[in-house]
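In what follows, a structure is listed as structure tokens, so that the remarks can point back to it.
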Amino acid sequence: MAYTAKNLKKTTVSKYNKFFKMLRFYTAGESHGKGLVGIIEGLPSGLAISSEDIDTELKRRQKGHGRGGRMKIESDHAEIISGVRWGLTTGAPISLFIENRDWPNWSEAMSPQKDFEGSVQPVTRPRPGHADLAGAQKFSHRDIRNILERSSARETAMRVALGAVAKKFLAAFNMRVGSFIFRIGSAVLESAVNTASGADLLRFSKKAEASEVRCPENNASAQMKAAIDEAAKAGDTLGGKFTVFVLGAPAGLGNHTQWDRRLDGLMAQAMMSIQAIKAVEIGGGACLAGTPGSGIMDEIFYKGGKGFFRKTNNMGGIEGGMTNGMPIVVHAAMKPIPTLKKPLRSVDISTKKPFKAAYERSDVCAVPAASVVAEAMAALVISGVLLEKLGGDSLSEARRNYDSYIRYLAQF
Ligand SMILES: Cc1cc2nc3c(=O)[nH]c(=O)nc-3n(C[C@H](O)[C@H](O)[C@H](O)COP(=O)(O)O)c2cc1C
């Protein structure tokens, strides 16, 4: 059916929603291009945003034991290009720009102008574990640089910048996002967090903030750092696992009525879309599969003044694709960095001759940085479903709707 104005009236709300998302965001830009561009559209007017708010998050992404040389070159700064006037959002699309500080060294190699064609040798050696070979085949490129420049995790700097804006929006509704690392290689966090307790999760993430590997325990942090150093010495790389959480989300964000509106699905896609993330779990995740149902469901209790509540949070705050009022808890696993000093076998796409994949400036472990990117993605997803619930073109209108919903929930 054509989506004319007349037909739109006939369609159901859910069909219409498929063509209309409350919050949309995009990134553009190459790793060694002029910089990164981001647009976020759908946030209400009246939200206070500054470059400093965004830069604080960008700094968090750049930290972490095991990062490569690039993090020493780059000190990211987000310039707000549009959608914010005198410190407040106007309701128009917000666009951001992060300059790549290395651009002067790449301005010819990455120039959009034809005049510089051939100024650098084409990259013909695909690296295992990267988008290089499949991307070149798919887009019919003989120079793999056309793929690697965009598939690089440099792009995540802009996700973090956009996520910083989303975090400010969530903060206006007393919602907080945090994370911590619980595994790097074989080094693991010993103490367990009570995921039913926001205070416990916050305590873990605050301690993680002071650790070079974003791990809340001193012993485990030291073991993780040692594991990274050992891997670096051996020319190897490490992956790991982290937890991301969102506190303060009221029950009823997300939707059980259609597969592509379920919050667990949206969250899993957001996490899996981060470069090198290979598994995502919500709440008890894969462990739930081996436990009898009687032992793991989050039973429902009620107390006057407190309302409905749970004593456990094995479902990670999501039931039926909707928040249930408990902390939203997501775990993700990152594979080891695919570029390593230890050579990996590959085949040149021009000569078809085998070669040993060469080392470039690269991270040994980027799990701490990935957890900051995951916070940004979680903030963006939750902002989207919150806006879907509240509507509102101005922050004050969204707030009125929020207050009324919270009052309604208290009386339910
Ligand atoms: C924050 C972050 C930093 C990363 N840094 C590097 C790096 O320095 N070198 C590298 O080879 N891969 C790095 N990666 C991983 C690659 O970008 C990723 O493995 C690659 O693009 C292929 O995507 P896939 O692993 O999702 O299939 C990083 C990933 C993240 C999230």
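By order of appearance in the structure tokens: chains A, B, ..., then residues from 1 within every chain, and ligands from 1 in the order shown.
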
- For Gly254 (chain A), please output as a PyMOL selection string all residues within 10 Å (counting only C-alpha atoms; exclusion window: fewer than 4 positions along the same chain). chain A and resi 260-266+318-324+381-382+384-386+388-389

* To do: Mind checking which residues fall within 10 Å of region 304-312 of chain A, counting only C-alpha atoms, ignoring those fewer than 2 positions away in the same chain, and posting them as a list of chain:residue names?
  =>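 Everything that qualifies: A:Asn194, A:Thr195, A:Ala196, A:Ser197, A:Ile296, A:Met297, A:Asp298, A:Glu299, A:Ile300, A:Phe301, A:Tyr302, A:Asn314, A:Met315, A:Gly316, A:Gly317, A:Asn324, A:Gly325, A:Met326, A:Leu409, A:Ala410, A:Gln411, A:Phe412.
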
> Among region 294-353 of chain A, which residues carry a DSSP assignment of strand (DSSP E or B), reported as a list in words?
Replying inline: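 Residues meeting the strand (DSSP E or B) criterion: Ile300, Phe301, Tyr302, Lys303, Gly307, Phe308, Phe309, Arg310, Ile318, Glu319, Met322, Thr323, Ile328, Val329, Val330, His331, Ala332, Ala333, Met334, Leu344, Arg345, Ser346 and Val347 of chain A.
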
Using only C-alpha atoms and all ligand atoms, which residues of the polymer chains come no farther than 9 Å from ligand 1? I'd like the answer as number ranges by chain. A: 61-62, 67-70, 127-132, 148, 150-157, 272-278, 334-340, 359-374

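Proximity to Tyr405 (chain A) at 10 Å, evaluated using only C-alpha atoms and with sequence-adjacent residues fewer than 2 positions away removed, yields Pro250, Ala251, Gly252, Lys389, Leu390, Arg399, Arg400, Asn401, Tyr402, Asp403, Arg407, Tyr408, Leu409, Ala410 and Gln411 of chain A.
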
Using only C-alpha atoms, find each residue of region 169-225 of chain A with at least one atom at most 7 Å away from an atom of region 237-240 of chain A; report its shortest atom-to-atom pair and that distance in Å (one decimal), sort the rows by chain and rising residue number, and return the result as JSON lines.
```
{"residue": "A:Arg183", "atom": "CA", "partner": "A:Gly240", "partner_atom": "CA", "distance": 4.9}
{"residue": "A:Ile184", "atom": "CA", "partner": "A:Gly240", "partner_atom": "CA", "distance": 4.1}
{"residue": "A:Gly185", "atom": "CA", "partner": "A:Leu238", "partner_atom": "CA", "distance": 5.4}
```

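When only C-alpha atoms are used to measure the gap to Ala109 (chain A), the shortest distance among A:Ser31, A:Ser75, A:Thr124, A:Gln223 belongs to A:Ser31.
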
*So which residues touch region 50-54 of chain A within 9 Å, counting only C-alpha atoms, skipping near sequence neighbours fewer than 5 positions away, as a list in words?*
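Contacts, in chain order: Lys59, His77, Ala78, Glu79, Ile80, Val84, Gly87, Leu88, Val160, Ala161, Leu162, Gly163, Ala164, Val165 and Lys168 of chain A.
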
Which polymer residues have any atom within 8 Å of an atom of Val177 (chain A), counting only C-alpha atoms, with same-chain residues fewer than 5 positions away left out, as a compact mmCIF listing (two decimals) with C-alpha atoms, in the first residue's frame?
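As a result, out_22.txt now contains:
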```txt
# COMPACT_ATOMS: atom_id res chain seq x y z
CA LYS A 167 22.83 10.61 28.95
CA VAL A 244 26.38 -2.11 31.39
CA PHE A 245 23.41 -0.97 33.43
CA VAL A 246 20.71 1.67 33.40
CA LEU A 247 19.19 2.79 36.69
CA GLU A 375 27.13 2.91 27.88
CA ALA A 378 22.48 1.88 26.04
CA ALA A 379 21.75 5.56 26.70
```

- Long-range neighbours of Pro354 (chain A) as a ChimeraX atom specification, 12 Å cut-off, only C-alpha atoms, 3 positions minimum in chain: /A:124-127,343-351,357

| request: Write down as a ChimeraX atom specification the residues belonging to region 28-169 of chain A that are assigned alpha helix (DSSP H) by DSSP computed on the backbone. | output: /A:51-62,70-73,103-106,132-139,145-151,156-169

Restricting the output to C-alpha atoms, write the selected residues as a compact mmCIF listing (two decimals), in the first residue's frame.
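Result file follows (part02.txt):
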```
# COMPACT_ATOMS: atom_id res chain seq x y z
CA SER A 51 30.77 20.60 24.51
CA GLU A 52 32.34 20.00 27.93
CA ASP A 53 29.61 17.45 28.82
CA ILE A 54 30.45 15.55 25.65
CA ASP A 55 34.24 15.85 25.99
CA THR A 56 34.13 14.31 29.48
CA GLU A 57 32.65 11.15 27.95
CA LEU A 58 35.10 11.22 25.03
CA LYS A 59 37.99 11.26 27.51
CA ARG A 60 36.58 8.18 29.24
CA ARG A 61 36.63 6.30 25.90
CA GLN A 62 40.27 7.18 25.29
CA ARG A 70 46.50 6.58 18.49
CA MET A 71 45.05 7.41 21.89
CA LYS A 72 48.21 9.38 22.59
CA ILE A 73 47.80 11.39 19.37
CA TRP A 103 44.24 14.71 9.42
CA PRO A 104 47.11 16.95 8.19
CA ASN A 105 49.17 13.76 7.69
CA TRP A 106 46.36 12.11 5.73
CA ASP A 132 38.77 -5.89 4.99
CA LEU A 133 38.18 -8.88 2.68
CA ALA A 134 34.37 -9.16 2.80
CA GLY A 135 34.05 -5.36 2.46
CA ALA A 136 36.36 -5.19 -0.56
CA GLN A 137 34.48 -8.06 -2.22
CA LYS A 138 31.07 -6.57 -1.46
CA PHE A 139 31.84 -2.99 -2.58
CA ARG A 145 41.57 1.37 2.63
CA ASN A 146 38.11 2.22 1.29
CA ILE A 147 36.73 -0.36 3.75
CA LEU A 148 39.04 -0.23 6.75
CA GLU A 149 38.72 3.53 7.18
CA ARG A 150 35.02 3.24 7.96
CA SER A 151 34.93 -0.17 9.67
CA THR A 156 32.79 4.79 18.19
CA ALA A 157 34.09 8.21 19.29
CA MET A 158 31.01 9.73 17.67
CA ARG A 159 28.72 7.13 19.24
CA VAL A 160 30.11 8.16 22.62
CA ALA A 161 29.52 11.84 21.78
CA LEU A 162 25.90 11.19 20.77
CA GLY A 163 25.49 8.95 23.80
CA ALA A 164 26.68 11.83 26.02
CA VAL A 165 23.74 13.88 24.73
CA ALA A 166 21.38 10.95 25.43
CA LYS A 167 22.83 10.61 28.95
CA LYS A 168 22.00 14.27 29.63
CA PHE A 169 18.44 13.59 28.49
```

For Ile94 (chain A), the closest of A:Arg142, A:Lys225, A:Arg24, A:His256 counting only C-alpha atoms is A:Arg24

CA of Phe116 (chain A) to CA of Asn100 (chain A) measures 19.3 Å

Restricting to only C-alpha atoms, whichever of A:Lys303, A:Gly33, A:Ala286, A:Leu96 is closest to Glu108 (chain A) is A:Gly33

To one decimal place, how far is CA of Arg203 (chain A) from CA of Ala333 (chain A) in Å?
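The value is 21.8 Å.
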
(request) Rank A:Ser45, A:Ser179, A:Ser111, A:Thr257 by their smallest atom-to-atom distance to Lys206 (chain A), using only C-alpha atoms, and report the top residue only. (result)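 Ranking A:Ser45, A:Ser179, A:Ser111, A:Thr257 by distance to Lys206 (chain A), first place goes to A:Ser179.
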
Could you check the closest approach to Phe242 (chain A) for each of A:Asn255, A:Asn313, A:Ser205, A:Asn174 and tell me which residue wins, using only C-alpha atoms?
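Distance minimum relative to Phe242 (chain A) lands on A:Ser205.
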
| message | Can you pull out the residues contacting Glu99 (chain A)? Cut-off 7 Å, using only C-alpha atoms, and skip same-chain residues under 4 positions away; I want them as a PyMOL selection string. | response | chain A and resi 34-36

Here CA of Lys63 (chain A) and CA of Phe180 (chain A) stand apart by 13.6 Å
